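Heads up: the structure comes next, in structure tokens.
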Protein chains: 4
Amino acid sequence: VAKVRGEVDTSRLETFSDGVFAIAITLLIIGVGIKAEGGSLTYRLAEQWPSYVSYVVSFAIIGILWLHHHEIFRDIRVADHGLFLLNLVFLLGVCFIPFPTKVMGDELASPAFADQRTAVIFYGLTITTISLTFNTVWLWAAYRRRLIEPTMPQVLVRARTRSMWLGTPPYAVATVVAIWSPLSALVLYGIIDLVYMVPSEWLERLVVAEVRRTAEPAPDRETEEVDPDREPQ
Amino acid sequence: VAKVRGEVDTSRLETFSDGVFAIAITLLIIGVGIKAEGGSLTYRLAEQWPSYVSYVVSFAIIGILWLHHHEIFRDIRVADHGLFLLNLVFLLGVCFIPFPTKVMGDELASPAFADQRTAVIFYGLTITTISLTFNTVWLWAAYRRRLIEPTMPQVLVRARTRSMWLGTPPYAVATVVAIWSPLSALVLYGIIDLVYMVPSEWLERLVVAEVRRTAEPAPDRETEEVDPDREPQ
Amino acid sequence: VAKVRGEVDTSRLETFSDGVFAIAITLLIIGVGIKAEGGSLTYRLAEQWPSYVSYVVSFAIIGILWLHHHEIFRDIRVADHGLFLLNLVFLLGVCFIPFPTKVMGDELASPAFADQRTAVIFYGLTITTISLTFNTVWLWAAYRRRLIEPTMPQVLVRARTRSMWLGTPPYAVATVVAIWSPLSALVLYGIIDLVYMVPSEWLERLVVAEVRRTAEPAPDRETEEVDPDREPQ
Amino acid sequence: VAKVRGEVDTSRLETFSDGVFAIAITLLIIGVGIKAEGGSLTYRLAEQWPSYVSYVVSFAIIGILWLHHHEIFRDIRVADHGLFLLNLVFLLGVCFIPFPTKVMGDELASPAFADQRTAVIFYGLTITTISLTFNTVWLWAAYRRRLIEPTMPQVLVRARTRSMWLGTPPYAVATVVAIWSPLSALVLYGIIDLVYMVPSEWLERLVVAEVRRTAEPAPDRETEEVDPDREPQ
């Protein structure tokens, strides 16, 4: 089927994306470093605290993006060339994250308020943009259900699309807050991460599972053995 | 079958290549950095614009190479030792990309025209060479259809070979342009990337799909469930 | 089944984790470097010995964590959202390791005793914390056997839980030792690694295999061909 | 079967190793860099030639190790704990390669002969040691055929063991040559790489294929479709 339509299954795209996520998340630590001199090691470790916070915030963001990427590709049946390209643009953003992370970690430790502000705004613009590129990946797949699993109810496709658009504004708002208070913006980035990690995602999945249970009982599948090589549809 | 002929299936080769692509594309960001001092952060971020452009251009090139690598290995049935070696030579080039990318990003921000020129030519020679090594991977597999999927029509093999040779000259021409205008060459690299990303590839695939539909109706496959672990043949 | 309960099989989580382990373990070498001048190369290589020791100790720790991660996921049937998050927190720690490793390698080569002590304590606190986050991954899965393979006897689940809690204290003790003697602590880290690598793990597995053999003879499986794509259950 | 004996199939071990190979081979480029000033870019690029040679030699070595690792794991049926550990020790060496590669590239560009010699000897000792650790992985698996595929004829196991021991001495000899002429040793490393890449490996595989053809005609397999997810046995 895939061959006939000029589409391919998503496994190699997902594997490549997972690789990029894994590398980008691990490269973040390269941006964390202390000064070789200028006080005791305790002092030099302590003064670098913005680097640690930036590291954790960016780690959480990449982790969240990975989780959501994982989520949406459970509902995408096949990949076409457009999906490959939009996914590449999205990954370009993900791979870029270590740079603004390092800049934010370094400049928040500097005394110049203007530079602190610039650093946090630069960071916020980056993740807001990435969030938008992520949405385009989903929208491309969901438009007229071109690349969506046939068993996925349309109500869920719409719910996911809506939740996507809700994902971007908080980062944009936090970025605006950075104009007055860079540190508040940094705290907001962290809070947004926590919110996106735990409840909304979880609730959504419970809803999805509930709807699915009602929509497709598929009793014959209940007894099937779970095949570890297979993404659940 | 594979065992008898001293050939192996291509899955581990593809996985390894994908890993290298993913890492090389992610490492590009390590070459992007700003000066620790010498003006406001806004200024220091702005003056580094050639690094960002180089980052995007190289990201696009590695992405394109990955897409094409993906493409040609859909048509390659098995790997022999020669394919492993030629693929390694190709990957040696891919892994090298972060170095000329960083050099180009750094030197285009320098005032010396001669160094700008050298940097862009060095970059262009690198990607032209990589493009050639990529062609050899395909030619090795396609020569007398040694490693090609039996179901792949010969007309398509020839079409792919032709399109390969068309891929290299544009980079070579842009490299020559760098002698007079490094920035024009940089813009050309970007345009070539865009052209290679969107239409030619897409058109070719549509053609391929069309030809295949005519050539092999395989009606019994229409109802098969898509197996996510299987590369479409 | 997985779909109905809002749970997914663990394969993508394991693949992502393996990628992170592989990258973190390979990035360690970036922290190893010699001075560009200040004596013969032999001297400059020799004076950096704490970097090599730190490299080996951290390599062993990441290797052990990978082996144990491998182990526990053999017994985990499915992943839920909580497991994803706890695993991410654990990986945040694993990705952090290159930083304290580099600090320890650099500072142990410095003459200041206070800095040596700080570096080794910082390192020890990091790995003790990581060890704790690793335990939470298992405890989350094992609590009321939510995510455990049904065929896994409860006695083994309890045995693994117990062995987990035994894993953390030695690192904590070695960290306390660093207050008086950083080098002794470093040696202890290495010895703990060796102990965790060879016998305890091996013995446990032999016990596990023995119990399993008694518990589930499964004579019909004896003749099954080993499927390389399948994690043994 | 695997479960009962306390052994597991080798797929996750191979995947992890492949990840490490891919990352180590890609990280090599981080060690290649030019001076920020001190002449035209052309000059600064040219003076760094030993870095490029070191890069290519190390890339070839890691590539060869990956190819051979691939080879021997085709003949290994299952992994036990010892194989995991010995493989980790081997990977510790592979991950270390970027460091001596960078040292060799930097110091060969320095005028001090003693430092050039030290750098090349340090490099040679590293790869000789890695070669030995690689042999232990195979020997552990091949000893009394504990972990070997049952269908693999014993004559081939012995042939591979023999060819392993022939692999290490050339690197050791080249390292000794470095005492008098570091550059000759570097050339020798490159020649050894070429020899190991092309003919010996190829010939051996042809021999293996020939012996296998004679030993196990398996006519029923001839018509089987190649399963891309399956390592040929």
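We name chains A, B, ... following the order of the structure tokens; residues begin at 1 in each chain, and ligands are numbered from 1 as shown.
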
Spatial neighbours of region 128-144 of chain C, max dist 9 Å, only C-alpha atoms, sep filter under 2 positions, as a CSV table (one decimal) with all heavy atoms, in the first residue's frame:
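Saved the output as part-v9.csv:
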chain,number,residue,atom,x,y,z
C,65,LEU,N,24.9,1.3,34.8
C,65,LEU,CA,23.5,1.8,34.8
C,65,LEU,C,22.8,1.3,33.5
C,65,LEU,O,21.6,0.9,33.6
C,65,LEU,CB,23.4,3.3,34.8
C,65,LEU,CG,23.9,4.0,36.1
C,65,LEU,CD1,24.0,5.5,35.9
C,65,LEU,CD2,22.8,3.7,37.2
C,69,HIS,N,19.6,-1.0,33.6
C,69,HIS,CA,18.4,-0.5,32.9
C,69,HIS,C,17.9,-1.6,32.0
C,69,HIS,O,16.7,-1.9,31.9
C,69,HIS,CB,18.8,0.7,32.1
C,69,HIS,CG,17.7,1.6,31.7
C,69,HIS,ND1,17.1,1.4,30.4
C,69,HIS,CD2,16.9,2.5,32.3
C,69,HIS,CE1,16.1,2.3,30.3
C,69,HIS,NE2,16.0,3.0,31.4
C,72,ILE,N,16.2,-4.3,34.2
C,72,ILE,CA,14.8,-4.1,34.8
C,72,ILE,C,13.8,-4.0,33.7
C,72,ILE,O,12.6,-4.4,33.8
C,72,ILE,CB,14.8,-2.9,35.7
C,72,ILE,CG1,14.9,-1.6,35.0
C,72,ILE,CG2,15.8,-3.0,36.8
C,72,ILE,CD1,14.7,-0.3,35.9
C,73,PHE,N,14.2,-3.5,32.5
C,73,PHE,CA,13.2,-3.4,31.4
C,73,PHE,C,12.9,-4.8,30.8
C,73,PHE,O,12.0,-4.9,30.0
C,73,PHE,CB,13.6,-2.4,30.4
C,73,PHE,CG,13.1,-1.0,30.8
C,73,PHE,CD1,13.9,-0.2,31.6
C,73,PHE,CD2,11.9,-0.6,30.4
C,73,PHE,CE1,13.5,1.0,32.0
C,73,PHE,CE2,11.4,0.7,30.8
C,73,PHE,CZ,12.2,1.5,31.6
C,76,ILE,N,9.8,-5.4,32.8
C,76,ILE,CA,8.7,-4.4,32.7
C,76,ILE,C,8.0,-4.7,31.4
C,76,ILE,O,8.6,-4.7,30.3
C,76,ILE,CB,9.2,-3.0,32.8
C,76,ILE,CG1,9.9,-2.8,34.2
C,76,ILE,CG2,8.1,-2.0,32.5
C,76,ILE,CD1,10.5,-1.4,34.4
C,78,VAL,N,5.0,-3.0,30.1
C,78,VAL,CA,4.6,-1.8,29.4
C,78,VAL,C,5.0,-0.5,30.1
C,78,VAL,O,5.4,-0.6,31.3
C,78,VAL,CB,3.0,-1.7,29.3
C,78,VAL,CG1,2.5,-2.7,28.3
C,78,VAL,CG2,2.4,-1.9,30.7
C,79,ALA,N,4.9,0.6,29.4
C,79,ALA,CA,5.3,1.9,30.0
C,79,ALA,C,4.1,2.7,30.1
C,79,ALA,O,3.3,2.8,29.2
C,79,ALA,CB,6.4,2.6,29.2
C,80,ASP,N,3.9,3.4,31.2
C,80,ASP,CA,2.9,4.5,31.3
C,80,ASP,C,3.6,5.8,31.3
C,80,ASP,O,4.8,5.9,31.3
C,80,ASP,CB,1.9,4.2,32.5
C,80,ASP,CG,2.6,4.3,33.8
C,80,ASP,OD1,3.9,4.6,33.8
C,80,ASP,OD2,2.0,4.1,34.8
C,82,GLY,N,3.9,8.0,33.7
C,82,GLY,CA,4.8,8.2,34.9
C,82,GLY,C,6.2,7.5,34.7
C,82,GLY,O,7.2,8.1,35.0
C,83,LEU,N,6.2,6.4,34.1
C,83,LEU,CA,7.5,5.7,33.8
C,83,LEU,C,8.3,6.5,32.8
C,83,LEU,O,9.5,6.7,33.0
C,83,LEU,CB,7.2,4.3,33.3
C,83,LEU,CG,8.5,3.4,33.4
C,83,LEU,CD1,8.7,2.9,34.8
C,83,LEU,CD2,8.3,2.2,32.4
C,84,PHE,N,7.6,7.1,31.8
C,84,PHE,CA,8.4,8.0,30.9
C,84,PHE,C,9.0,9.1,31.6
C,84,PHE,O,10.2,9.5,31.4
C,84,PHE,CB,7.4,8.5,29.8
C,84,PHE,CG,7.3,7.7,28.6
C,84,PHE,CD1,6.5,6.6,28.6
C,84,PHE,CD2,8.0,8.0,27.5
C,84,PHE,CE1,6.4,5.8,27.4
C,84,PHE,CE2,7.9,7.3,26.3
C,84,PHE,CZ,7.1,6.2,26.3
C,85,LEU,N,8.2,9.8,32.5
C,85,LEU,CA,8.8,10.9,33.2
C,85,LEU,C,9.9,10.6,34.2
C,85,LEU,O,10.9,11.2,34.2
C,85,LEU,CB,7.6,11.6,34.0
C,85,LEU,CG,6.6,12.3,33.1
C,85,LEU,CD1,5.5,13.0,34.0
C,85,LEU,CD2,7.2,13.3,32.2
C,86,LEU,N,9.7,9.5,35.0
C,86,LEU,CA,10.7,9.1,35.9
C,86,LEU,C,12.0,8.7,35.2
C,86,LEU,O,13.1,9.0,35.6
C,86,LEU,CB,10.2,8.0,36.8
C,86,LEU,CG,9.2,8.5,37.8
C,86,LEU,CD1,8.6,7.3,38.6
C,86,LEU,CD2,9.7,9.4,38.9
C,87,ASN,N,11.8,8.0,34.1
C,87,ASN,CA,12.9,7.7,33.3
C,87,ASN,C,13.7,8.9,32.7
C,87,ASN,O,14.9,8.9,32.7
C,87,ASN,CB,12.5,6.8,32.1
C,87,ASN,CG,13.6,6.0,31.4
C,87,ASN,OD1,14.3,5.2,32.1
C,87,ASN,ND2,13.8,6.3,30.1
C,89,VAL,N,13.8,11.8,34.2
C,89,VAL,CA,14.6,12.4,35.3
C,89,VAL,C,15.8,11.6,35.6
C,89,VAL,O,16.9,12.2,35.8
C,89,VAL,CB,13.7,12.4,36.6
C,89,VAL,CG1,14.5,12.8,37.8
C,89,VAL,CG2,12.5,13.3,36.5
C,90,PHE,N,15.7,10.3,35.5
C,90,PHE,CA,16.9,9.5,35.6
C,90,PHE,C,18.0,9.8,34.5
C,90,PHE,O,19.2,10.0,34.7
C,90,PHE,CB,16.5,8.0,35.5
C,90,PHE,CG,17.6,7.0,35.3
C,90,PHE,CD1,18.7,6.9,36.2
C,90,PHE,CD2,17.7,6.3,34.1
C,90,PHE,CE1,19.7,6.0,35.9
C,90,PHE,CE2,18.7,5.4,33.9
C,90,PHE,CZ,19.7,5.3,34.8
C,91,LEU,N,17.5,10.0,33.3
C,91,LEU,CA,18.4,10.3,32.1
C,91,LEU,C,19.0,11.7,32.3
C,91,LEU,O,20.1,11.9,31.9
C,91,LEU,CB,17.6,10.2,30.8
C,91,LEU,CG,17.2,8.8,30.4
C,91,LEU,CD1,16.4,8.8,29.1
C,91,LEU,CD2,18.4,7.8,30.3
C,92,LEU,N,18.2,12.6,32.9
C,92,LEU,CA,18.8,13.9,33.2
C,92,LEU,C,20.0,13.8,34.0
C,92,LEU,O,21.0,14.5,33.8
C,92,LEU,CB,17.7,14.8,33.9
C,92,LEU,CG,18.1,16.2,34.2
C,92,LEU,CD1,16.9,17.1,34.0
C,92,LEU,CD2,18.7,16.4,35.6
C,93,GLY,N,20.0,12.9,35.0
C,93,GLY,CA,21.2,12.6,35.8
C,93,GLY,C,22.3,12.0,34.9
C,93,GLY,O,23.5,12.4,35.0
C,94,VAL,N,22.0,11.0,34.1
C,94,VAL,CA,23.0,10.3,33.3
C,94,VAL,C,23.7,11.3,32.4
C,94,VAL,O,24.9,11.3,32.3
C,94,VAL,CB,22.3,9.2,32.5
C,94,VAL,CG1,23.3,8.6,31.5
C,94,VAL,CG2,21.8,8.1,33.5
C,123,TYR,N,31.0,15.0,42.7
C,123,TYR,CA,30.9,13.8,41.9
C,123,TYR,C,30.0,12.8,42.6
C,123,TYR,O,29.1,12.2,42.0
C,123,TYR,CB,32.2,13.3,41.5
C,123,TYR,CG,32.2,12.1,40.6
C,123,TYR,CD1,32.2,12.3,39.2
C,123,TYR,CD2,32.2,10.8,41.1
C,123,TYR,CE1,32.1,11.3,38.3
C,123,TYR,CE2,32.2,9.8,40.2
C,123,TYR,CZ,32.1,10.0,38.8
C,123,TYR,OH,32.1,8.9,38.0
C,124,GLY,N,30.4,12.5,43.9
C,124,GLY,CA,29.7,11.5,44.6
C,124,GLY,C,28.2,11.8,44.9
C,124,GLY,O,27.4,10.9,44.8
C,125,LEU,N,27.9,13.1,45.1
C,125,LEU,CA,26.5,13.4,45.3
C,125,LEU,C,25.7,13.2,44.0
C,125,LEU,O,24.6,12.8,44.0
C,125,LEU,CB,26.4,14.9,45.7
C,125,LEU,CG,26.9,15.2,47.2
C,125,LEU,CD1,26.8,16.7,47.4
C,125,LEU,CD2,26.0,14.5,48.2
C,126,THR,N,26.4,13.5,42.9
C,126,THR,CA,25.7,13.3,41.6
C,126,THR,C,25.4,11.8,41.4
C,126,THR,O,24.2,11.5,41.1
C,126,THR,CB,26.7,13.8,40.5
C,126,THR,OG1,27.0,15.1,40.7
C,126,THR,CG2,26.0,13.6,39.1
C,146,ARG,N,2.2,-3.1,38.7
C,146,ARG,CA,1.4,-2.4,37.7
C,146,ARG,C,2.0,-2.7,36.3
C,146,ARG,O,1.2,-2.9,35.3
C,146,ARG,CB,1.5,-0.9,37.9
C,146,ARG,CG,0.5,-0.4,38.9
C,146,ARG,CD,0.5,1.1,38.9
C,146,ARG,NE,1.9,1.5,39.4
C,146,ARG,CZ,2.1,2.7,40.0
C,146,ARG,NH1,1.1,3.6,40.0
C,146,ARG,NH2,3.2,3.1,40.4
C,147,LEU,N,3.3,-2.6,36.2
C,147,LEU,CA,3.9,-2.6,34.8
C,147,LEU,C,4.8,-3.8,34.6
C,147,LEU,O,5.6,-3.9,33.7
C,147,LEU,CB,4.7,-1.3,34.6
C,147,LEU,CG,4.0,0.0,34.9
C,147,LEU,CD1,4.9,1.2,34.7
C,147,LEU,CD2,2.8,0.2,34.0
C,148,ILE,N,4.6,-4.8,35.5
C,148,ILE,CA,5.6,-5.9,35.5
C,148,ILE,C,5.0,-7.1,34.6
C,148,ILE,O,3.8,-7.3,34.5
C,148,ILE,CB,5.7,-6.5,37.0
C,148,ILE,CG1,6.3,-5.3,37.8
C,148,ILE,CG2,6.6,-7.7,37.0
C,148,ILE,CD1,7.7,-4.9,37.5
C,157,VAL,N,10.5,-10.0,42.0
C,157,VAL,CA,10.2,-8.6,42.0
C,157,VAL,C,10.7,-8.0,43.3
C,157,VAL,O,11.5,-7.0,43.4
C,157,VAL,CB,8.7,-8.2,41.9
C,157,VAL,CG1,8.5,-6.8,42.0
C,157,VAL,CG2,8.2,-8.7,40.5
C,158,ARG,N,10.4,-8.7,44.4
C,158,ARG,CA,10.8,-8.2,45.7
C,158,ARG,C,12.4,-8.3,45.9
C,158,ARG,O,13.0,-7.4,46.4
C,158,ARG,CB,10.2,-9.1,46.8
C,158,ARG,CG,9.1,-8.3,47.6
C,158,ARG,CD,8.5,-9.1,48.7
C,158,ARG,NE,7.1,-9.6,48.3
C,158,ARG,CZ,6.8,-10.8,48.3
C,158,ARG,NH1,7.6,-11.8,48.7
C,158,ARG,NH2,5.6,-11.2,48.0
C,160,ARG,N,14.5,-8.0,43.5
C,160,ARG,CA,15.1,-6.9,42.8
C,160,ARG,C,15.0,-5.5,43.5
C,160,ARG,O,15.9,-4.7,43.6
C,160,ARG,CB,14.5,-6.8,41.4
C,160,ARG,CG,15.3,-5.9,40.4
C,160,ARG,CD,14.7,-5.7,39.1
C,160,ARG,NE,14.9,-6.9,38.2
C,160,ARG,CZ,16.0,-7.3,37.7
C,160,ARG,NH1,17.1,-6.7,38.0
C,160,ARG,NH2,16.1,-8.4,37.0
C,161,THR,N,13.8,-5.3,44.1
C,161,THR,CA,13.6,-4.1,44.9
C,161,THR,C,14.6,-4.0,46.0
C,161,THR,O,15.2,-2.9,46.2
C,161,THR,CB,12.2,-4.1,45.5
C,161,THR,OG1,11.2,-4.2,44.4
C,161,THR,CG2,11.9,-2.8,46.2
C,164,MET,N,18.1,-3.2,44.8
C,164,MET,CA,18.2,-1.8,44.4
C,164,MET,C,18.6,-0.9,45.5
C,164,MET,O,19.5,0.0,45.4
C,164,MET,CB,16.8,-1.3,43.9
C,164,MET,CG,16.4,-1.8,42.6
C,164,MET,SD,16.5,-0.5,41.3
C,164,MET,CE,16.7,-1.5,39.9
C,165,TRP,N,17.9,-1.1,46.7
C,165,TRP,CA,18.2,-0.2,47.8
C,165,TRP,C,19.6,-0.5,48.4
C,165,TRP,O,20.2,0.4,49.0
C,165,TRP,CB,17.1,-0.4,48.9
C,165,TRP,CG,15.8,0.2,48.6
C,165,TRP,CD1,14.6,-0.5,48.4
C,165,TRP,CD2,15.6,1.6,48.3
C,165,TRP,NE1,13.7,0.4,48.0
C,165,TRP,CE2,14.3,1.7,47.9
C,165,TRP,CE3,16.4,2.7,48.3
C,165,TRP,CZ2,13.7,2.9,47.5
C,165,TRP,CZ3,15.8,3.9,47.9
C,165,TRP,CH2,14.5,4.0,47.6
C,167,GLY,N,22.0,-0.8,46.4
C,167,GLY,CA,23.0,-0.2,45.5
C,167,GLY,C,23.4,1.2,45.8
C,167,GLY,O,24.5,1.6,45.5
C,168,THR,N,22.5,2.0,46.4
C,168,THR,CA,22.8,3.4,46.7
C,168,THR,C,23.8,3.7,47.8
C,168,THR,O,24.7,4.5,47.6
C,168,THR,CB,21.5,4.2,46.9
C,168,THR,OG1,20.6,3.8,45.8
C,168,THR,CG2,21.7,5.6,46.9
C,169,PRO,N,23.6,3.1,49.0
C,169,PRO,CA,24.4,3.4,50.1
C,169,PRO,C,26.0,3.4,49.9
C,169,PRO,O,26.6,4.3,50.4
C,169,PRO,CB,24.0,2.5,51.2
C,169,PRO,CG,22.6,2.1,50.9
C,169,PRO,CD,22.6,2.1,49.4
C,170,PRO,N,26.5,2.4,49.2
C,170,PRO,CA,28.0,2.4,49.0
C,170,PRO,C,28.5,3.7,48.4
C,170,PRO,O,29.5,4.3,48.8
C,170,PRO,CB,28.2,1.2,48.1
C,170,PRO,CG,27.1,0.3,48.4
C,170,PRO,CD,25.9,1.2,48.7
C,171,TYR,N,27.8,4.3,47.4
C,171,TYR,CA,28.2,5.5,46.8
C,171,TYR,C,28.1,6.7,47.8
C,171,TYR,O,29.0,7.5,47.9
C,171,TYR,CB,27.3,5.9,45.6
C,171,TYR,CG,27.6,5.0,44.4
C,171,TYR,CD1,26.6,4.2,43.8
C,171,TYR,CD2,28.9,5.0,43.8
C,171,TYR,CE1,26.9,3.4,42.7
C,171,TYR,CE2,29.2,4.2,42.7
C,171,TYR,CZ,28.2,3.4,42.1
C,171,TYR,OH,28.4,2.6,41.1
C,172,ALA,N,27.0,6.6,48.7
C,172,ALA,CA,26.9,7.7,49.7
C,172,ALA,C,28.1,7.6,50.7
C,172,ALA,O,28.6,8.6,51.1
C,172,ALA,CB,25.6,7.5,50.4
C,175,THR,N,31.2,8.9,49.3
C,175,THR,CA,31.1,10.4,49.2
C,175,THR,C,31.5,11.0,50.5
C,175,THR,O,32.2,12.0,50.6
C,175,THR,CB,29.7,10.8,48.8
C,175,THR,OG1,29.4,10.2,47.6
C,175,THR,CG2,29.7,12.3,48.6

Legend entry - Counting only C-alpha atoms, chain A residues within 12 Å of chain D, as a ChimeraX atom specification: /A:19-20,22-23,26-27,229

Save out the residues we just selected, C-alpha atoms, as a PDB file, in the first residue's frame.
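part.pdb, freshly written:
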ATOM      1  CA  GLY A  19      18.366   9.825  17.590  1.00  0.00           C
ATOM      2  CA  VAL A  20      18.395  13.595  17.178  1.00  0.00           C
ATOM      3  CA  ALA A  22      18.740  11.789  22.289  1.00  0.00           C
ATOM      4  CA  ILE A  23      21.835  13.579  21.013  1.00  0.00           C
ATOM      5  CA  THR A  26      22.820  14.859  25.839  1.00  0.00           C
ATOM      6  CA  LEU A  27      24.816  17.666  24.192  1.00  0.00           C
ATOM      7  CA  ASP A 229       8.391  -4.467  17.738  1.00  0.00           C
TER       8      ASP A 229
END

Inset, instruction - Quick one: everything within 9 Å of Met197 (chain D), counting only C-alpha atoms, minus sequence neighbours fewer than 5 positions away in the same chain. Send it as an NGL selection string. - result: (:B and (85)) or (:D and (60 or 63-64 or 67 or 192 or 202))

Write the residues of the selection above to a file with C-alpha atoms, as a CSV table (one decimal), in the first residue's frame.
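Once written, out-v3.csv looks like this:
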chain,number,residue,atom,x,y,z
B,85,LEU,CA,33.4,0.6,2.4
D,60,ALA,CA,39.1,4.1,9.2
D,63,GLY,CA,35.0,1.9,10.8
D,64,ILE,CA,37.0,-1.3,10.6
D,67,LEU,CA,32.7,-3.9,10.4
D,192,ILE,CA,47.3,-1.3,7.9
D,202,TRP,CA,36.9,-9.7,1.6

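Neighbours of Ser54 (chain C) closer than or equal to 9 Å, with only C-alpha atoms counted and sequence neighbours fewer than 6 positions away skipped, come out as Thr101, Lys102, Met104, Gly105 and Leu186 of chain C.
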
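Separating CA of Ser40 (chain B) from CA of Trp180 (chain A) is a distance of 17.6 Å.
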
Legend entry - Every residue of region 34-175 of chain D that DSSP places in alpha helix (DSSP H), as an NGL selection string: :D and (41-47 or 49-75 or 81-96 or 98-107 or 113-142 or 154-175)
